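This report concerns only the one structure given below.
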Amino acid sequence: LASWAPPLKKEDEILNWELPAPMVANQVRALNPKPGSATFVAGNRLKVWRGQVSGLASLAGKPGQVLKVQGDSGILVACGEGAVVIQEVQPAGKRSMTAPAYACGYRVQPGDVWG
């Protein structure tokens, strides 16, 4: 049977990078299109619209750390277990853009920490 879910709060939008990668990817997918999930990059809010679990098995990094900027597929970010490929983002006050375009314009480098 269907049941009512509690209303979402602003805190529910923030990604917890310490969770396993499938849970982070599911949160991104569940909150799209509204209200959208978000993280913080250098103190600025960044909406995350699309992401998926990475298929790479040998990933090492602390949760929220950018592992790799993949030219055409996205930004690889470490989670508590595994990693997520972020594919579409929206900086505060800007339009939505692909993650590779964001990485070029905002100079995202491996080793940057999100969250």
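Identifiers for the structure tokens are assigned positionally: chains receive A, B, ... in sequence, residues are indexed from 1 per chain, and ligands are indexed from 1 in the order shown.
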Do a neighbour search on Ala101 (chain A) at 12 Å with only C-alpha atoms, toss out local chain neighbours closer than 6 positions, and write the hits as an MDAnalysis selection string. chainID A and resid 69:75 86:91 95 107:108
Pick out the closest residue to Leu46 (chain A) from this set: A:Ile14, A:Met97, A:Leu19, A:Ala92. Count only C-alpha atoms.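 Using only C-alpha atoms, Leu46 (chain A) sits closest to A:Ala92.
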Set the distance at 8 Å and use only C-alpha atoms: which residues neighbour Ala25 (chain A) once local chain neighbours fewer than 2 positions away are removed? I'd like the list as an NGL selection string. :A and (21-23 or 27-29 or 51-53 or 84)
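Within region 13-107 of chain A, the backbone-based DSSP assignment of helix (DSSP H, G or I) covers Glu13, Ala21, Pro22, Met23, Val24, Ala25, Asn26, Gln27, Val28, Arg29, Ala30, Ala99, Pro100, Ala101, Tyr102, Ala103, Cys104 and Gly105 of chain A.
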Mind giving me the straight-line distance from CA of Val41 (chain A) to CA of Glu81 (chain A) in Å, one decimal? 20.7 Å
